[in-house]
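Have a look at the structure below, then the notes.
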Amino acid sequence: MVVTKMNQINKVNLGKSEIEITKIGLGCWQFSGGSGGFGGRYWPSLSPEIINEIVKVALDGGINWFDTAEAYGAGKSERNLANALHAAGMKNGDVVIATKWFPFPRRANSIRKTIDKRLHYLDGFGIDLHQIHASIALASTKGMMDAMADLVKDGKIRSIGVSNWSAGKMRRGFEILEEKHELQLVSNQVKYSLLDRKIETNDILDTARELGITIIAYSPLEQGLLTGRFHEDPSLIKKLGRLRKMMSFGLRPKKKLERTQPLIDALEEIAQAHNASPAQVSLNWLINFHGDVVVTIPGASKTSQMEQNIGAMHIKLSKDEMSRIDELTQNYM
């Protein structure tokens, strides 16, 4: 097991806030498995014991923040995370908690009306980062930013983020918060991986860098594709749930494996030089190639996966290795 004191891992500020986070956090969507709603249809159920163990390993390894959401099982992920943190002896303020409000088909006032429910499920842990979970909403950008600002002023949340927002909408939200409320938009949570680098060409990354907004990368391992385990044993694809199989591999899994095999081979080669894994190399590139702009939240449904995620922060890729990975993945921009 990788065990590291929290203060030995470098942290970065979340946007321009005073909140400090490790470059890798724990995404907690999988903690909603087995429930109703989108989360329950996607992930298998994890026992409370396994969830507690995963969170304990994360904490022991220096991870200091956890990302969950209202949509992850209608509060089940939030409650399971809170239970695991309590079991590990954590108290409010010991860790950074991020959650999200789902905007469609709701209006901005729902942000105010549902915050107490979010806090109820988090069972004593405060919300350090509250995020608008998607860009499609009945509410205006101004209405949502005003509602979020009210929560900050009322002491219900510490900071404001968004998820899946375009560069233009992100800038608009930033300007509303800064000019009207003297607050900052601190983050935009978007899909970003070696196999999905679109934020580098659609102005999201450049705008975030300009405004001092942190990019929180979700699905950084493409639901396990970048670990190489499906390339090594394609029969594992058949064991995935129907929805996850479709989202990860589409209608032609064999073609996707063939197309990504050269990258996996290169990641394997680089990983061997660092006594690491392809997944760890992938994560390390993601959190270091753009300086401190990008952090990431890989999930974990096993303690071994959590240990792998932690280990990714301790690799030091050379400039040549970083450049090689960059060149191999240019087609995914």
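The way I read the labels, and the way they are meant: chains A, B, ... in the order of the structure tokens, residue 1 as the first residue of every chain, and ligand 1 as the first ligand shown, with later ones counted on from there.
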>> Set the distance at 7 Å and use only C-alpha atoms: which residues neighbour segment 121-133 of chain A once local chain neighbours fewer than 2 positions away are removed? I'd like the list as a count of residues only.
In response: 23
> Which residues in segment 23-256 of chain A does DSSP call strand (DSSP E or B)? List them as a ChimeraX atom specification.
Replying inline: /A:24,26-27,65-67,96-101,127,129-132,157,160-163,185-191,193,196,214-218
Would you save the residues of that selection, restricted to C-alpha atoms, as a PDB file, in the first residue's frame?
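See out_10.pdb below for the written result:
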ATOM      1  CA  ILE A  24      -5.456  13.886  -7.904  1.00  0.00           C
ATOM      2  CA  LEU A  26     -11.201  10.746  -5.746  1.00  0.00           C
ATOM      3  CA  GLY A  27     -14.205  10.747  -8.046  1.00  0.00           C
ATOM      4  CA  TRP A  65     -10.439  15.915  -1.737  1.00  0.00           C
ATOM      5  CA  PHE A  66     -13.462  14.015  -2.968  1.00  0.00           C
ATOM      6  CA  ASP A  67     -15.885  14.786  -5.777  1.00  0.00           C
ATOM      7  CA  VAL A  96     -12.213  19.116   0.774  1.00  0.00           C
ATOM      8  CA  ILE A  97     -15.663  18.091  -0.466  1.00  0.00           C
ATOM      9  CA  ALA A  98     -16.993  18.913  -3.921  1.00  0.00           C
ATOM     10  CA  THR A  99     -20.543  18.161  -5.003  1.00  0.00           C
ATOM     11  CA  LYS A 100     -22.885  19.276  -7.788  1.00  0.00           C
ATOM     12  CA  TRP A 101     -26.397  20.522  -8.515  1.00  0.00           C
ATOM     13  CA  ILE A 127     -19.408  21.858   0.801  1.00  0.00           C
ATOM     14  CA  LEU A 129     -16.940  23.404  -3.926  1.00  0.00           C
ATOM     15  CA  HIS A 130     -20.483  23.450  -5.329  1.00  0.00           C
ATOM     16  CA  GLN A 131     -20.762  22.961  -9.081  1.00  0.00           C
ATOM     17  CA  ILE A 132     -23.401  23.386 -11.790  1.00  0.00           C
ATOM     18  CA  ILE A 157     -20.714  26.687   0.413  1.00  0.00           C
ATOM     19  CA  ILE A 160     -18.367  27.968  -7.003  1.00  0.00           C
ATOM     20  CA  GLY A 161     -17.605  25.760  -9.980  1.00  0.00           C
ATOM     21  CA  VAL A 162     -19.243  24.496 -13.154  1.00  0.00           C
ATOM     22  CA  SER A 163     -19.064  21.329 -15.224  1.00  0.00           C
ATOM     23  CA  LEU A 185     -15.536  31.000 -10.558  1.00  0.00           C
ATOM     24  CA  VAL A 186     -12.860  28.533  -9.471  1.00  0.00           C
ATOM     25  CA  SER A 187     -13.324  25.446 -11.653  1.00  0.00           C
ATOM     26  CA  ASN A 188     -14.768  23.791 -14.732  1.00  0.00           C
ATOM     27  CA  GLN A 189     -15.087  20.008 -14.575  1.00  0.00           C
ATOM     28  CA  VAL A 190     -14.789  18.536 -18.077  1.00  0.00           C
ATOM     29  CA  LYS A 191     -13.930  15.277 -19.794  1.00  0.00           C
ATOM     30  CA  SER A 193      -7.808  12.349 -21.163  1.00  0.00           C
ATOM     31  CA  ASP A 196      -9.982  13.123 -25.519  1.00  0.00           C
ATOM     32  CA  THR A 214      -8.876  25.091 -12.478  1.00  0.00           C
ATOM     33  CA  ILE A 215      -9.762  22.369 -14.971  1.00  0.00           C
ATOM     34  CA  ILE A 216     -11.015  19.251 -13.166  1.00  0.00           C
ATOM     35  CA  ALA A 217     -10.595  16.351 -15.581  1.00  0.00           C
ATOM     36  CA  TYR A 218     -13.116  13.531 -15.288  1.00  0.00           C
TER      37      TYR A 218
END
Give me the segment 147-239 of chain A side of the contact with segment 276-295 of chain A, cut-off 9 Å, one line per residue showing its nearest atom pair and distance in Å at one decimal, counting only C-alpha atoms, sorted by chain and residue number, as a tab-separated table.
residue	atom	partner	partner_atom	distance
A:Tyr192	CA	A:Leu286	CA	8.3
A:Ser193	CA	A:Leu286	CA	6.9
A:Leu194	CA	A:Ser282	CA	6.9
A:Leu205	CA	A:Val293	CA	8.2
A:Ala208	CA	A:Val293	CA	7.6
A:Arg209	CA	A:Val293	CA	6.4
A:Gly212	CA	A:Val293	CA	7.9
A:Ile213	CA	A:Val293	CA	7.4
A:Thr214	CA	A:Val293	CA	5.3
A:Ile215	CA	A:Val294	CA	4.7
A:Ile216	CA	A:Val295	CA	5.1
A:Ala217	CA	A:Val295	CA	6.1
A:Pro220	CA	A:Leu283	CA	6.8
A:Leu221	CA	A:Ala279	CA	6.7
A:Gly224	CA	A:Ala279	CA	8.2
A:Leu225	CA	A:Ala279	CA	9.0
A:Leu226	CA	A:Ala279	CA	5.9
A:Thr227	CA	A:Ala279	CA	4.6
A:Gly228	CA	A:Pro278	CA	6.9
Prev. selection, N, CA and C atoms, output as an mmCIF file, in the first residue's frame:
data_model
loop_
_atom_site.group_PDB
_atom_site.id
_atom_site.type_symbol
_atom_site.label_atom_id
_atom_site.label_comp_id
_atom_site.auth_asym_id
_atom_site.auth_seq_id
_atom_site.Cartn_x
_atom_site.Cartn_y
_atom_site.Cartn_z
ATOM 1 N N TYR A 192 -11.543 14.945 -19.983
ATOM 2 C CA TYR A 192 -10.212 15.198 -20.522
ATOM 3 C C TYR A 192 -9.332 13.997 -20.244
ATOM 4 N N SER A 193 -8.712 13.495 -21.287
ATOM 5 C CA SER A 193 -7.808 12.349 -21.163
ATOM 6 C C SER A 193 -6.878 12.340 -22.363
ATOM 7 N N LEU A 194 -5.964 11.404 -22.380
ATOM 8 C CA LEU A 194 -5.076 11.255 -23.539
ATOM 9 C C LEU A 194 -5.852 10.907 -24.799
ATOM 10 N N LEU A 205 -9.412 25.198 -22.330
ATOM 11 C CA LEU A 205 -8.175 25.193 -21.549
ATOM 12 C C LEU A 205 -7.517 26.573 -21.535
ATOM 13 N N ALA A 208 -9.519 28.947 -19.330
ATOM 14 C CA ALA A 208 -9.311 28.620 -17.921
ATOM 15 C C ALA A 208 -7.963 29.145 -17.438
ATOM 16 N N ARG A 209 -6.953 28.952 -18.241
ATOM 17 C CA ARG A 209 -5.621 29.451 -17.866
ATOM 18 C C ARG A 209 -5.618 30.974 -17.744
ATOM 19 N N GLY A 212 -7.594 32.012 -14.547
ATOM 20 C CA GLY A 212 -7.191 31.412 -13.278
ATOM 21 C C GLY A 212 -8.181 30.383 -12.773
ATOM 22 N N ILE A 213 -8.856 29.694 -13.691
ATOM 23 C CA ILE A 213 -9.839 28.663 -13.352
ATOM 24 C C ILE A 213 -9.187 27.292 -13.446
ATOM 25 N N THR A 214 -9.414 26.450 -12.467
ATOM 26 C CA THR A 214 -8.876 25.091 -12.478
ATOM 27 C C THR A 214 -9.736 24.193 -13.355
ATOM 28 N N ILE A 215 -9.078 23.414 -14.199
ATOM 29 C CA ILE A 215 -9.762 22.369 -14.971
ATOM 30 C C ILE A 215 -9.726 21.082 -14.148
ATOM 31 N N ILE A 216 -10.914 20.537 -13.852
ATOM 32 C CA ILE A 216 -11.015 19.251 -13.166
ATOM 33 C C ILE A 216 -11.351 18.204 -14.221
ATOM 34 N N ALA A 217 -10.415 17.342 -14.521
ATOM 35 C CA ALA A 217 -10.595 16.351 -15.581
ATOM 36 C C ALA A 217 -11.304 15.110 -15.049
ATOM 37 N N PRO A 220 -10.435 10.416 -16.696
ATOM 38 C CA PRO A 220 -9.060 10.570 -17.188
ATOM 39 C C PRO A 220 -8.465 9.272 -17.726
ATOM 40 N N LEU A 221 -9.037 8.142 -17.340
ATOM 41 C CA LEU A 221 -8.546 6.849 -17.838
ATOM 42 C C LEU A 221 -9.527 6.217 -18.819
ATOM 43 N N GLY A 224 -11.197 3.004 -17.848
ATOM 44 C CA GLY A 224 -10.301 1.852 -17.761
ATOM 45 C C GLY A 224 -9.589 1.507 -19.046
ATOM 46 N N LEU A 225 -9.967 2.134 -20.158
ATOM 47 C CA LEU A 225 -9.331 1.809 -21.437
ATOM 48 C C LEU A 225 -7.832 2.089 -21.410
ATOM 49 N N LEU A 226 -7.424 3.185 -20.741
ATOM 50 C CA LEU A 226 -6.007 3.552 -20.716
ATOM 51 C C LEU A 226 -5.182 2.740 -19.715
ATOM 52 N N THR A 227 -5.823 1.841 -18.995
ATOM 53 C CA THR A 227 -5.047 0.950 -18.132
ATOM 54 C C THR A 227 -4.372 -0.157 -18.933
ATOM 55 N N GLY A 228 -4.913 -0.432 -20.123
ATOM 56 C CA GLY A 228 -4.374 -1.501 -20.960
ATOM 57 C C GLY A 228 -4.978 -2.866 -20.687
#
Quick one: everything within 9 Å of Gly143 of chain A, counting only C-alpha atoms, minus sequence neighbours fewer than 3 positions away in the same chain. Send it as a PDB file with N, CA and C atoms, in the first residue's frame.
ATOM      1  N   ARG A 107     -35.041  25.420 -12.546  1.00  0.00           N
ATOM      2  CA  ARG A 107     -34.698  26.841 -12.565  1.00  0.00           C
ATOM      3  C   ARG A 107     -33.708  27.146 -11.438  1.00  0.00           C
ATOM      4  N   ALA A 108     -33.137  28.330 -11.481  1.00  0.00           N
ATOM      5  CA  ALA A 108     -32.034  28.673 -10.585  1.00  0.00           C
ATOM      6  C   ALA A 108     -32.407  28.588  -9.115  1.00  0.00           C
ATOM      7  N   ASN A 109     -33.655  28.839  -8.791  1.00  0.00           N
ATOM      8  CA  ASN A 109     -34.030  28.826  -7.380  1.00  0.00           C
ATOM      9  C   ASN A 109     -33.883  27.439  -6.763  1.00  0.00           C
ATOM     10  N   ALA A 139     -32.580  27.609 -16.458  1.00  0.00           N
ATOM     11  CA  ALA A 139     -32.132  28.853 -15.827  1.00  0.00           C
ATOM     12  C   ALA A 139     -31.092  29.556 -16.693  1.00  0.00           C
ATOM     13  N   SER A 140     -31.016  30.854 -16.552  1.00  0.00           N
ATOM     14  CA  SER A 140     -29.980  31.635 -17.241  1.00  0.00           C
ATOM     15  C   SER A 140     -28.658  31.493 -16.491  1.00  0.00           C
ATOM     16  N   ASP A 146     -26.062  33.957  -9.677  1.00  0.00           N
ATOM     17  CA  ASP A 146     -26.626  34.720  -8.553  1.00  0.00           C
ATOM     18  C   ASP A 146     -27.008  33.793  -7.405  1.00  0.00           C
ATOM     19  N   ALA A 147     -27.614  32.662  -7.744  1.00  0.00           N
ATOM     20  CA  ALA A 147     -28.035  31.714  -6.710  1.00  0.00           C
ATOM     21  C   ALA A 147     -26.829  31.116  -6.000  1.00  0.00           C
ATOM     22  N   MET A 148     -25.813  30.787  -6.752  1.00  0.00           N
ATOM     23  CA  MET A 148     -24.592  30.242  -6.152  1.00  0.00           C
ATOM     24  C   MET A 148     -23.935  31.286  -5.250  1.00  0.00           C
TER      25      MET A 148
END
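One distance worth recording is that between atom CA of Asn202 of chain A and atom CA of Gly168 of chain A, which is 10.1 Å.
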> For the atom pair atom CA of Gly155 of chain A and atom CA of Glu178 of chain A, what is the interatomic distance in Å to one decimal place?
Replying inline: 17.9 Å
